[in-house]
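Structure data follow from protein-v8.txt (compact mmCIF, C-alpha atoms):
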```txt
# COMPACT_ATOMS: atom_id res chain seq x y z
CA MET A 172 0.00 0.00 0.00
CA PRO A 173 1.44 3.43 -0.90
CA MET A 174 2.39 5.42 2.20
CA CYS A 175 0.29 8.38 1.04
CA ASP A 176 -2.81 6.15 1.00
CA LEU A 177 -2.01 4.81 4.45
CA ARG A 178 -1.42 8.36 5.69
CA LEU A 179 -4.84 9.48 4.47
CA GLY A 180 -6.51 6.51 6.09
CA ILE A 181 -4.82 7.03 9.43
CA VAL A 182 -5.43 10.77 9.45
CA CYS A 183 -9.11 10.02 8.83
CA LEU A 184 -9.45 7.41 11.53
CA LEU A 185 -7.61 9.39 14.18
CA SER A 186 -10.72 11.40 14.54
CA SER A 187 -12.79 8.26 15.33
CA SER A 188 -12.71 5.13 17.71
CA LEU A 189 -22.87 -0.43 26.66
CA VAL A 190 -21.18 2.43 28.62
CA LEU A 191 -22.62 3.09 32.06
CA LEU A 192 -21.70 6.70 32.61
CA ALA A 193 -23.21 6.86 36.05
CA GLY A 194 -20.94 4.08 37.15
CA ALA A 195 -17.98 5.84 35.54
CA GLY A 196 -18.75 9.04 37.42
CA THR A 197 -19.45 11.24 34.41
CA ARG A 198 -21.59 14.29 35.04
CA ALA A 199 -23.87 13.98 32.04
CA HIS A 200 -27.55 14.57 31.47
CA ALA A 201 -29.97 14.00 28.62
CA GLY A 202 -28.82 16.07 25.70
CA ASP A 203 -25.12 16.02 26.68
CA TRP A 204 -22.33 14.59 24.54
CA PRO A 205 -19.56 14.12 27.14
CA GLN A 206 -17.20 11.77 25.31
CA ILE A 207 -16.30 10.18 22.00
CA LEU A 208 -19.41 8.94 20.14
CA GLY A 209 -21.77 10.37 22.75
CA PRO A 210 -23.16 9.21 26.10
CA GLU A 211 -22.75 5.47 25.44
CA ARG A 212 -19.82 5.57 23.01
CA SER A 213 -22.22 4.19 20.45
CA GLY A 214 -23.05 7.18 18.23
CA LYS A 215 -26.50 7.41 19.85
CA ALA A 216 -27.69 10.80 21.09
CA SER A 217 -29.64 10.86 24.37
CA GLY A 218 -32.70 13.09 24.67
CA GLU A 219 -32.24 14.49 21.15
CA GLU A 220 -34.68 14.69 18.27
CA LEU A 221 -33.66 15.15 14.66
CA PRO A 222 -35.94 17.10 12.31
CA ALA A 223 -38.53 15.33 10.17
CA ARG A 224 -36.66 16.60 7.13
CA LEU A 225 -33.33 18.32 6.64
CA ASP A 226 -33.75 21.70 4.94
CA PRO A 227 -30.49 22.69 3.19
CA ALA A 228 -31.48 26.36 3.37
CA LYS A 229 -31.42 26.20 7.16
CA LEU A 230 -27.98 24.65 7.53
CA LYS A 231 -26.37 27.91 8.60
CA PRO A 232 -23.98 28.13 11.54
CA LEU A 233 -25.22 29.87 14.65
CA TRP A 234 -21.58 30.66 15.32
CA GLU A 235 -18.09 29.67 14.22
CA SER A 236 -14.92 29.50 16.27
CA LYS A 237 -11.40 29.50 14.85
CA LEU A 238 -9.24 26.59 16.01
CA GLY A 239 -5.69 25.44 15.66
CA GLY A 240 -4.63 22.04 14.36
CA GLY A 241 -5.88 18.56 15.09
CA TYR A 242 -8.64 16.03 14.51
CA ALA A 243 -10.14 15.82 18.00
CA GLY A 244 -13.93 16.16 17.98
CA PRO A 245 -15.83 18.37 20.45
CA VAL A 246 -17.69 17.32 23.60
CA VAL A 247 -20.62 19.08 25.27
CA VAL A 248 -21.93 19.15 28.84
CA GLY A 249 -24.61 21.66 29.79
CA GLN A 250 -23.77 25.01 28.21
CA ARG A 251 -20.08 24.23 27.76
CA VAL A 252 -18.51 23.01 24.55
CA VAL A 253 -14.98 21.68 25.04
CA VAL A 254 -12.49 21.47 22.18
CA PHE A 255 -8.91 20.21 22.06
CA HIS A 256 -6.46 21.62 19.49
CA ARG A 257 -2.89 22.72 18.80
CA VAL A 258 -1.95 26.41 18.84
CA GLU A 259 1.73 26.91 17.98
CA GLU A 260 3.73 25.02 20.63
CA ASN A 261 0.83 24.18 22.93
CA GLU A 262 -1.97 21.65 22.98
CA VAL A 263 -4.94 23.67 24.17
CA VAL A 264 -8.18 22.71 25.88
CA ASP A 265 -10.80 25.42 25.34
CA ALA A 266 -14.28 25.78 26.83
CA LEU A 267 -16.79 27.71 24.72
CA ASP A 268 -20.25 28.99 25.49
CA ALA A 269 -22.71 26.74 23.64
CA ALA A 270 -25.03 29.63 22.74
CA THR A 271 -22.45 32.12 21.47
CA GLY A 272 -19.16 30.33 20.86
CA LYS A 273 -17.45 32.81 23.20
CA ARG A 274 -14.39 31.36 24.89
CA LEU A 275 -14.91 30.83 28.63
CA TRP A 276 -11.40 29.65 29.46
CA ARG A 277 -8.25 28.22 27.89
CA ALA A 278 -5.86 25.61 29.32
CA PRO A 279 -2.57 25.25 27.39
CA SER A 280 0.02 22.51 27.88
CA PRO A 281 3.39 22.15 26.11
CA ALA A 282 3.19 20.10 22.91
CA SER A 283 6.06 17.93 21.68
CA TYR A 284 4.51 16.02 18.76
CA ARG A 285 6.30 16.72 15.47
CA GLY A 286 4.36 14.64 12.97
CA GLY A 287 5.71 11.10 13.29
CA VAL A 288 6.48 9.55 9.89
CA ASP A 289 4.65 12.45 8.25
CA PRO A 290 6.49 15.57 9.47
CA HIS A 291 4.40 17.74 7.12
CA GLY A 292 1.08 16.50 8.48
CA ASP A 293 -1.21 18.10 11.02
CA VAL A 294 0.51 17.99 14.42
CA GLY A 295 -2.60 18.69 16.50
CA PRO A 296 -4.23 16.22 18.91
CA ARG A 297 -6.39 13.38 17.62
CA CYS A 298 -8.28 12.14 20.69
CA VAL A 299 -11.71 13.43 21.69
CA PRO A 300 -11.69 14.89 25.24
CA LEU A 301 -13.59 13.17 28.05
CA ILE A 302 -15.70 15.06 30.59
CA SER A 303 -16.35 13.41 33.95
CA GLN A 304 -17.88 15.17 36.94
CA ASP A 305 -15.96 18.47 37.15
CA SER A 306 -12.94 17.37 35.12
CA VAL A 307 -11.86 17.30 31.49
CA PHE A 308 -9.32 14.69 30.39
CA ALA A 309 -7.41 15.21 27.14
CA HIS A 310 -4.94 12.79 25.53
CA GLY A 311 -2.44 14.55 23.28
CA ALA A 312 -0.80 13.46 20.05
CA ALA A 313 2.52 12.64 21.76
CA GLY A 314 0.84 10.64 24.52
CA ASP A 315 0.61 13.36 27.17
CA LEU A 316 -2.50 13.13 29.34
CA VAL A 317 -3.84 16.25 31.06
CA CYS A 318 -6.68 16.84 33.52
CA VAL A 319 -8.21 20.31 33.81
CA ALA A 320 -11.11 21.70 35.85
CA LEU A 321 -14.34 21.95 33.85
CA ASP A 322 -15.39 25.17 35.59
CA SER A 323 -12.13 27.12 35.30
CA GLY A 324 -9.66 25.31 33.04
CA LYS A 325 -7.11 25.05 35.85
CA VAL A 326 -4.63 22.24 35.14
CA ARG A 327 -4.91 19.66 37.91
CA TRP A 328 -2.29 17.22 36.72
CA ARG A 329 -0.37 16.18 33.63
CA ARG A 330 1.37 12.91 32.70
CA GLU A 331 3.79 12.16 29.88
CA LEU A 332 2.54 8.61 29.50
CA ALA A 333 4.39 7.70 26.31
CA GLY A 334 7.67 8.75 27.88
CA ASP A 335 6.90 7.15 31.22
CA TYR A 336 6.26 3.76 29.61
CA ASP A 337 8.57 3.84 26.59
CA ALA A 338 5.71 3.74 24.09
CA PRO A 339 6.54 4.13 20.38
CA GLU A 340 5.13 7.21 18.69
CA GLY A 341 3.18 5.26 16.10
CA TYR A 342 2.51 6.18 12.50
CA PHE A 343 0.66 9.41 13.14
CA GLY A 344 0.58 10.03 16.86
CA VAL A 345 -1.73 8.88 19.62
CA GLY A 346 -5.34 8.31 18.58
CA SER A 347 -7.07 6.11 21.18
CA THR A 348 -9.34 8.09 23.51
CA PRO A 349 -9.19 6.87 27.16
CA ILE A 350 -12.24 5.59 29.01
CA LEU A 351 -13.48 5.78 32.59
CA ALA A 352 -14.22 2.35 34.07
CA GLY A 353 -14.56 1.38 37.70
CA GLY A 354 -13.49 4.85 38.79
CA LYS A 355 -10.24 4.64 36.82
CA LEU A 356 -9.06 6.21 33.60
CA LEU A 357 -7.93 3.40 31.27
CA VAL A 358 -5.48 4.17 28.47
CA ASN A 359 -4.10 2.09 25.59
CA VAL A 360 -0.56 3.46 26.00
CA GLY A 361 1.17 0.75 24.00
CA GLY A 362 4.33 0.59 26.16
CA LYS A 363 6.48 -2.54 26.19
CA SER A 364 5.39 -3.53 29.70
CA ALA A 365 2.45 -1.20 29.91
CA GLY A 366 0.22 -1.75 26.93
CA LEU A 367 -2.73 -0.79 29.12
CA VAL A 368 -2.52 1.62 32.04
CA ALA A 369 -5.04 2.67 34.70
CA ILE A 370 -4.79 6.22 36.04
CA ASP A 371 -6.39 7.63 39.18
CA PRO A 372 -8.52 10.48 37.74
CA LEU A 373 -8.11 12.57 40.92
CA SER A 374 -4.35 12.43 41.33
CA GLY A 375 -3.07 11.36 37.93
CA LYS A 376 -1.07 8.54 39.52
CA THR A 377 -0.82 5.08 38.01
CA VAL A 378 -3.04 2.48 39.68
CA TRP A 379 -1.92 -0.50 37.62
CA GLN A 380 -0.17 -1.30 34.35
CA GLY A 381 0.16 -4.43 32.29
CA THR A 382 0.07 -6.36 29.01
CA ALA A 383 2.24 -5.82 25.97
CA GLU A 384 -0.66 -4.70 23.80
CA VAL A 385 0.43 -2.25 21.12
CA ALA A 386 -1.72 0.85 20.81
CA SER A 387 -4.28 1.22 18.03
CA TYR A 388 -6.43 4.15 16.92
CA SER A 389 -9.58 2.49 18.22
CA SER A 390 -11.15 3.81 21.42
CA PRO A 391 -12.43 1.36 24.05
CA THR A 392 -15.96 0.82 25.28
CA LEU A 393 -17.56 -1.01 28.24
CA ALA A 394 -19.31 -4.35 28.56
CA THR A 395 -20.59 -6.61 31.34
CA LEU A 396 -18.77 -9.94 31.45
CA GLY A 397 -19.60 -12.49 34.11
CA GLY A 398 -21.66 -9.90 35.94
CA GLN A 399 -18.77 -7.43 36.17
CA GLU A 400 -17.96 -4.30 34.19
CA HIS A 401 -15.02 -4.65 31.83
CA ALA A 402 -13.39 -2.37 29.31
CA ILE A 403 -13.21 -3.71 25.77
CA PHE A 404 -10.14 -2.60 23.81
CA VAL A 405 -9.39 -3.26 20.16
CA THR A 406 -5.62 -2.91 20.24
CA ARG A 407 -3.21 -3.23 17.34
CA LEU A 408 -3.72 -6.98 16.93
CA ASN A 409 -6.26 -8.16 19.51
CA CYS A 410 -9.63 -7.62 21.10
CA VAL A 411 -9.02 -7.54 24.85
CA ALA A 412 -11.31 -7.43 27.90
CA VAL A 413 -9.87 -5.73 30.98
CA ASP A 414 -11.08 -5.82 34.58
CA PRO A 415 -10.69 -2.17 35.68
CA ALA A 416 -10.34 -3.14 39.33
CA THR A 417 -7.37 -5.46 38.93
CA GLY A 418 -5.97 -4.84 35.46
CA LYS A 419 -6.43 -8.51 34.56
CA ALA A 420 -6.63 -8.67 30.78
CA THR A 421 -8.17 -11.46 28.73
CA THR A 422 -7.52 -11.74 25.01
CA LEU A 423 -10.98 -12.45 23.61
CA PHE A 424 -9.76 -13.05 20.06
CA PRO A 425 -7.11 -11.83 17.59
CA PHE A 426 -8.22 -8.87 15.51
CA GLY A 427 -6.03 -7.02 13.03
CA ARG A 428 -3.07 -7.80 10.81
CA SER A 429 0.59 -6.88 10.81
CA GLY A 430 1.81 -4.46 8.19
CA PRO A 431 0.25 -1.23 6.90
CA THR A 432 -3.17 -1.81 8.45
CA VAL A 433 -5.30 0.06 10.96
CA ASN A 434 -7.80 -0.73 13.72
CA ALA A 435 -9.78 2.46 14.22
CA ALA A 436 -13.52 1.99 14.71
CA THR A 437 -14.81 1.78 18.27
CA PRO A 438 -16.15 -1.68 19.23
CA LEU A 439 -19.91 -1.79 19.73
CA VAL A 440 -21.58 -3.73 22.54
CA ILE A 441 -25.24 -4.47 21.80
CA GLY A 442 -26.76 -6.45 24.64
CA ASP A 443 -24.58 -9.55 24.94
CA LYS A 444 -23.12 -9.16 21.44
CA LEU A 445 -19.84 -7.51 20.42
CA PHE A 446 -19.29 -6.06 16.94
CA VAL A 447 -15.88 -5.04 15.62
CA THR A 448 -14.91 -3.77 12.19
CA ALA A 449 -11.85 -2.74 10.21
CA SER A 450 -10.82 -2.42 6.60
CA TYR A 451 -7.42 -3.43 5.09
CA ASN A 452 -8.63 -7.03 4.50
CA ILE A 453 -9.37 -7.48 8.21
CA GLY A 454 -13.17 -7.42 8.01
CA ALA A 455 -15.98 -7.41 10.55
CA GLU A 456 -17.01 -9.86 13.26
CA LEU A 457 -19.98 -10.40 15.55
CA ARG A 458 -19.24 -12.21 18.81
CA GLN A 459 -21.42 -13.64 21.56
CA LEU A 460 -20.19 -12.50 24.98
CA SER A 461 -20.47 -15.06 27.76
CA GLY A 462 -18.36 -15.01 30.90
CA SER A 463 -14.82 -14.37 29.72
CA SER A 464 -15.36 -15.73 26.22
CA ALA A 465 -16.48 -14.25 22.93
CA ARG A 466 -17.84 -16.91 20.57
CA GLN A 467 -17.80 -16.00 16.90
CA LEU A 468 -21.26 -15.77 15.31
CA TRP A 469 -20.10 -14.54 11.92
CA ALA A 470 -17.08 -12.92 10.30
CA ASN A 471 -16.37 -11.67 6.79
CA ASP A 472 -14.79 -8.86 4.80
CA GLU A 473 -17.72 -8.32 2.44
CA THR A 474 -20.52 -6.66 4.40
CA LEU A 475 -19.38 -3.82 6.70
CA SER A 476 -15.61 -3.37 6.83
CA SER A 477 -14.96 0.21 7.90
CA GLN A 478 -11.69 2.07 7.56
CA TYR A 479 -12.38 4.32 10.55
CA ASN A 480 -16.09 5.19 10.91
CA THR A 481 -18.05 3.49 13.69
CA PRO A 482 -21.55 2.33 12.63
CA VAL A 483 -24.71 2.85 14.69
CA GLU A 484 -27.19 0.16 15.70
CA HIS A 485 -30.99 0.43 15.73
CA ASN A 486 -33.48 -2.40 16.34
CA GLY A 487 -31.07 -5.16 15.33
CA TYR A 488 -29.56 -3.46 12.28
CA LEU A 489 -26.27 -1.65 11.74
CA TYR A 490 -25.93 1.46 9.58
CA GLY A 491 -22.45 2.48 8.57
CA ILE A 492 -19.68 2.79 6.04
CA HIS A 493 -18.18 -0.13 4.14
CA GLY A 494 -14.82 0.47 2.49
CA ARG A 495 -12.11 3.08 2.51
CA GLU A 496 -11.74 6.72 1.63
CA ASP A 497 -8.31 6.29 0.08
CA ALA A 498 -8.98 3.15 -1.95
CA GLY A 499 -12.08 2.73 -4.08
CA ALA A 500 -15.44 4.27 -3.18
CA ALA A 501 -16.85 3.85 0.31
CA GLU A 502 -20.51 2.79 0.54
CA LEU A 503 -23.25 3.49 3.06
CA ARG A 504 -24.85 0.22 4.13
CA CYS A 505 -27.46 -1.31 6.35
CA ILE A 506 -26.79 -4.85 7.55
CA GLU A 507 -28.67 -7.26 9.75
CA LEU A 508 -26.67 -7.58 12.97
CA ALA A 509 -27.51 -11.22 13.66
CA SER A 510 -26.46 -12.53 10.25
CA GLY A 511 -24.27 -9.88 8.65
CA LYS A 512 -26.58 -9.89 5.64
CA VAL A 513 -26.57 -6.67 3.61
CA LYS A 514 -30.09 -5.21 3.53
CA TRP A 515 -29.25 -2.27 1.27
CA SER A 516 -26.23 -0.34 0.04
CA ARG A 517 -25.69 3.18 -1.30
CA ALA A 518 -22.69 3.08 -3.63
CA GLY A 519 -20.37 6.08 -3.80
CA PHE A 520 -21.72 7.65 -0.61
CA GLY A 521 -18.24 8.27 0.77
CA CYS A 522 -16.98 8.18 4.35
CA ALA A 523 -19.25 9.77 6.96
CA HIS A 524 -19.80 9.82 10.70
CA ALA A 525 -23.20 8.56 11.86
CA ILE A 526 -25.30 9.93 14.73
CA LEU A 527 -28.53 8.17 15.70
CA ALA A 528 -31.37 10.04 17.43
CA GLY A 529 -34.70 8.29 17.73
CA ASP A 530 -35.37 6.51 14.46
CA LYS A 531 -33.30 8.85 12.28
CA ILE A 532 -29.61 8.96 11.42
CA LEU A 533 -27.60 12.07 10.64
CA LEU A 534 -24.59 11.39 8.45
CA VAL A 535 -21.79 13.95 8.50
CA GLY A 536 -19.72 13.41 5.37
CA VAL A 537 -16.01 14.13 5.54
CA ARG A 538 -16.40 16.38 2.47
CA GLY A 539 -18.97 18.57 4.20
CA LYS A 540 -22.29 17.06 3.16
CA LEU A 541 -24.99 16.41 5.76
CA THR A 542 -27.54 13.70 5.01
CA LEU A 543 -30.55 12.71 7.10
CA ILE A 544 -31.96 9.23 6.62
CA ALA A 545 -34.57 7.05 8.28
CA ALA A 546 -33.26 4.06 10.23
CA ASN A 547 -35.14 1.83 7.82
CA PRO A 548 -33.70 -1.64 7.07
CA SER A 549 -36.05 -2.13 4.12
CA LYS A 550 -34.65 0.63 1.93
CA TYR A 551 -32.45 3.71 1.74
CA GLU A 552 -34.83 6.50 2.75
CA GLU A 553 -33.32 9.97 2.51
CA LEU A 554 -34.96 12.77 4.48
CA GLY A 555 -32.98 15.65 3.05
CA SER A 556 -29.39 16.72 2.60
CA GLY A 557 -27.29 19.83 2.28
CA ASN A 558 -23.70 20.95 1.96
CA LEU A 559 -21.98 22.99 4.64
CA GLY A 560 -19.57 24.41 2.11
CA ARG A 561 -16.65 23.20 4.24
CA HIS A 562 -14.27 20.34 3.69
CA ASP A 563 -12.36 17.87 5.83
CA LEU A 564 -14.89 17.08 8.55
CA ARG A 565 -12.92 14.03 9.68
CA ALA A 566 -13.15 15.01 13.33
CA LEU A 567 -16.02 13.25 15.06
CA PRO A 568 -19.07 15.55 15.43
CA ALA A 569 -21.32 16.01 18.46
CA LEU A 570 -25.09 16.44 18.77
CA ALA A 571 -26.35 18.20 21.90
CA GLY A 572 -29.21 20.56 22.72
CA GLY A 573 -30.54 20.43 19.17
CA ARG A 574 -27.25 21.64 17.75
CA LEU A 575 -24.66 19.88 15.63
CA TYR A 576 -21.05 20.70 16.43
CA ALA A 577 -18.75 19.90 13.51
CA ARG A 578 -15.04 20.59 13.28
CA THR A 579 -13.04 21.25 10.14
CA SER A 580 -9.32 20.49 9.88
CA ASP A 581 -7.00 22.06 7.31
CA ALA A 582 -3.22 22.20 7.58
CA ASN A 583 -2.89 22.80 11.31
CA SER A 584 -5.94 25.02 11.53
CA GLY A 585 -9.69 24.67 11.48
CA GLU A 586 -13.06 25.86 12.67
CA LEU A 587 -15.76 24.62 14.99
CA LEU A 588 -19.23 25.11 13.52
CA CYS A 589 -22.38 25.20 15.65
CA ILE A 590 -25.38 24.38 13.45
CA PRO A 591 -28.94 24.45 14.85
CA LEU A 592 -31.03 21.62 13.49
CA ALA A 593 -34.54 23.01 13.12
CA LYS A 594 -37.35 20.64 14.07
```

Output the file's structure in the form of structure tokens.
Amino acid sequence: MPMCDLRLGIVCLLSSSLVLLAGAGTRAHAGDWPQILGPERSGKASGEELPARLDPAKLKPLWESKLGGGYAGPVVVGQRVVVFHRVEENEVVDALDAATGKRLWRAPSPASYRGGVDPHGDVGPRCVPLISQDSVFAHGAAGDLVCVALDSGKVRWRRELAGDYDAPEGYFGVGSTPILAGGKLLVNVGGKSAGLVAIDPLSGKTVWQGTAEVASYSSPTLATLGGQEHAIFVTRLNCVAVDPATGKATTLFPFGRSGPTVNAATPLVIGDKLFVTASYNIGAELRQLSGSSARQLWANDETLSSQYNTPVEHNGYLYGIHGREDAGAAELRCIELASGKVKWSRAGFGCAHAILAGDKILLVGVRGKLTLIAANPSKYEELGSGNLGRHDLRALPALAGGRLYARTSDANSGELLCIPLAK
């Protein structure tokens, strides 16, 4: 695979990757979007309603905010929008007023990332911030982890995790967003003796470390195994379940391939089923979770193999992107979860992030097109579309309070757009 193609794929996915937020201690309410892929890390919006039809004439930003570099998507709690970006020699966490876009505070930390194997690429952070209680956690492109106060932006602690645990820089920086589980912040660091690390969110100190799992660009999620909460990581080459209390890790099954390949989509837990997907001839799998095992129900590379977009699930069907942005033409598809059977496909749709609210799905195309569809397994049912007139929307979007927050990225700069979605 040409390196330029791999670079495009990884830059795309870096923006990506059943969560019980109450148990994790996250201060979130209906309508909030406090972490990657929303309240449950599933692309599903809580307490939101999408319009019956999308009117392209009404897709005008309420406000716009200039940003520095990076591919980290925004998060929203209450009337605060939090963004993570690179401004000159600092990685910056900003809080903005949701109604006006006015900056409420700024928390800068020194940035050391220089672009990895692509020194001319965007050197901004890739990981979506995480809001929990009164704290914001942000994982930088060089592996630095910072905690700042949600109310004031005061830096509470900072760790240079990649340096602490001798973790390789990776192709294009750090791209796996940490998760809160069992009162601990779990990170796929990828160090030689610390593939996975648990951090005390109050002090920033290490609680436990272990495994030799290499870091991926996929972000973890939560599942209940044997009656206990576990974190599910798709690492570079494996799908791993981790007990947050002890750090005991169980390899559920191999997933991934050596060479110029990528694991980027976030695993989805639907009831007692686990769905994982990747492109690069890796494919998709559905597994039955039981105790500490994950029995394969089906696996193939023909139905929903996603380069970096995470699909959404509704009533036993998955809606998402099959294929790659840098090789061929990516398709929008609906598949039956239980069988992997393709119900319908929309050729040439292109890569897009999916947000589910009720029985509708908003698709945010990386080239700036918004498309609203019905979550209908019988046919592709479009409910309107429009173009934002902006490009490179690879950062994951957020939907909160009836507003779409979408970030552009362009050569170490960008904008955050706040777009009201009229009912």

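For the point (-6.0, 16.5, 26.5) in file coordinates, the residues within 8 Å, using all atoms listed in the file, are Phe255, Glu262, Val263, Val264, Pro296, Cys298, Pro300, Val307, Phe308, Ala309, His310, Gly311, Asp315, Leu316, Val317 and Cys318 of chain A.
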
Residues within 10 Å of region 441-448 of chain A, please, as a PyMOL selection string. Count only C-alpha atoms; anything in the same chain fewer than 4 positions from it doesn't count. chain A and resi 189+213+394-396+403+405+410+426-427+434-437+453-461+465-472+475-482+484-485+487+489+493+508-509

Pick the closest to Arg224 (chain A) from A:Gly521, A:Gly491, A:Pro591, A:Gly555: which is it, counting all atoms listed in the file?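 Ranking A:Gly521, A:Gly491, A:Pro591, A:Gly555 by distance to Arg224 (chain A), first place goes to A:Gly555.
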
Pairwise distance for CA of Val537 (chain A) and CA of Val483 (chain A), rounded to one decimal in Å: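 According to the coordinates, CA of Val537 (chain A) and CA of Val483 (chain A) are separated by 16.9 Å.
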
Using all atoms listed in the file for the distances, tell me which of A:Val248, A:Leu393, A:Leu208, A:Leu357 is nearest to Lys376 (chain A).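 Once distances to Lys376 (chain A) are computed over all atoms listed in the file, the minimum belongs to A:Leu357.
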
One residue among A:Cys522, A:Val513, A:Val247, A:Ala386 is nearest to Arg565 (chain A) when using all atoms listed in the file, and that residue is A:Cys522

Go ahead and compute the interatomic distance for CA of Gly572 (chain A) and CA of Gly202 (chain A), in Å to one decimal.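 Pair CA of Gly572 (chain A) / CA of Gly202 (chain A) returns 5.4 Å.
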
Pick the closest to Gly240 (chain A) from A:Glu331, A:Asp581, A:Glu507, A:Glu473: which is it, counting all atoms listed in the file?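 When distances to Gly240 (chain A) are compared using all atoms listed in the file, the smallest one comes from A:Asp581.
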
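Between Ala216 (chain A) and the candidates A:Gly462, A:Gly573, A:Pro245, A:Gly418, the tightest atom-to-atom separation, counting all atoms listed in the file, involves A:Gly573.
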
For Ser584 (chain A): contacts at 8 Å, all atoms listed in the file, fewer than 2 positions along chain excluded, given as a PyMOL selection string: chain A and resi 237-241+580-582+586

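Computed from the coordinates, the CA of Val299 (chain A) to CA of Leu439 (chain A) distance equals 17.4 Å.
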
Missing atoms in region 392-406 of chain A should be modelled up to N, CA and C atoms and reported as a PDB file, keeping the file's coordinate frame.
```
ATOM      1  N   THR A 392     -14.600   0.665  24.788  1.00  0.00           N
ATOM      2  CA  THR A 392     -15.960   0.820  25.280  1.00  0.00           C
ATOM      3  C   THR A 392     -16.117  -0.096  26.507  1.00  0.00           C
ATOM      4  N   LEU A 393     -17.316  -0.182  27.061  1.00  0.00           N
ATOM      5  CA  LEU A 393     -17.560  -1.010  28.240  1.00  0.00           C
ATOM      6  C   LEU A 393     -18.551  -2.127  27.935  1.00  0.00           C
ATOM      7  N   ALA A 394     -18.398  -3.214  28.670  1.00  0.00           N
ATOM      8  CA  ALA A 394     -19.310  -4.350  28.560  1.00  0.00           C
ATOM      9  C   ALA A 394     -19.377  -5.045  29.904  1.00  0.00           C
ATOM     10  N   THR A 395     -20.453  -5.799  30.135  1.00  0.00           N
ATOM     11  CA  THR A 395     -20.590  -6.610  31.340  1.00  0.00           C
ATOM     12  C   THR A 395     -20.234  -8.044  31.005  1.00  0.00           C
ATOM     13  N   LEU A 396     -19.205  -8.557  31.657  1.00  0.00           N
ATOM     14  CA  LEU A 396     -18.770  -9.940  31.450  1.00  0.00           C
ATOM     15  C   LEU A 396     -18.789 -10.651  32.795  1.00  0.00           C
ATOM     16  N   GLY A 397     -19.519 -11.752  32.870  1.00  0.00           N
ATOM     17  CA  GLY A 397     -19.600 -12.490  34.110  1.00  0.00           C
ATOM     18  C   GLY A 397     -20.148 -11.668  35.258  1.00  0.00           C
ATOM     19  N   GLY A 398     -21.046 -10.741  34.925  1.00  0.00           N
ATOM     20  CA  GLY A 398     -21.660  -9.900  35.940  1.00  0.00           C
ATOM     21  C   GLY A 398     -20.830  -8.731  36.388  1.00  0.00           C
ATOM     22  N   GLN A 399     -19.647  -8.524  35.789  1.00  0.00           N
ATOM     23  CA  GLN A 399     -18.770  -7.430  36.170  1.00  0.00           C
ATOM     24  C   GLN A 399     -18.459  -6.547  34.969  1.00  0.00           C
ATOM     25  N   GLU A 400     -18.297  -5.240  35.242  1.00  0.00           N
ATOM     26  CA  GLU A 400     -17.960  -4.300  34.190  1.00  0.00           C
ATOM     27  C   GLU A 400     -16.518  -4.482  33.734  1.00  0.00           C
ATOM     28  N   HIS A 401     -16.342  -4.557  32.436  1.00  0.00           N
ATOM     29  CA  HIS A 401     -15.020  -4.650  31.830  1.00  0.00           C
ATOM     30  C   HIS A 401     -14.894  -3.597  30.729  1.00  0.00           C
ATOM     31  N   ALA A 402     -13.669  -3.215  30.467  1.00  0.00           N
ATOM     32  CA  ALA A 402     -13.390  -2.370  29.310  1.00  0.00           C
ATOM     33  C   ALA A 402     -12.983  -3.260  28.142  1.00  0.00           C
ATOM     34  N   ILE A 403     -13.525  -2.959  26.983  1.00  0.00           N
ATOM     35  CA  ILE A 403     -13.210  -3.710  25.770  1.00  0.00           C
ATOM     36  C   ILE A 403     -12.316  -2.848  24.888  1.00  0.00           C
ATOM     37  N   PHE A 404     -11.097  -3.300  24.664  1.00  0.00           N
ATOM     38  CA  PHE A 404     -10.140  -2.600  23.810  1.00  0.00           C
ATOM     39  C   PHE A 404      -9.922  -3.391  22.522  1.00  0.00           C
ATOM     40  N   VAL A 405      -9.946  -2.708  21.385  1.00  0.00           N
ATOM     41  CA  VAL A 405      -9.390  -3.260  20.160  1.00  0.00           C
ATOM     42  C   VAL A 405      -8.013  -2.636  20.023  1.00  0.00           C
ATOM     43  N   THR A 406      -6.989  -3.399  20.304  1.00  0.00           N
ATOM     44  CA  THR A 406      -5.620  -2.910  20.240  1.00  0.00           C
ATOM     45  C   THR A 406      -5.087  -3.115  18.819  1.00  0.00           C
TER      46      THR A 406
END
```
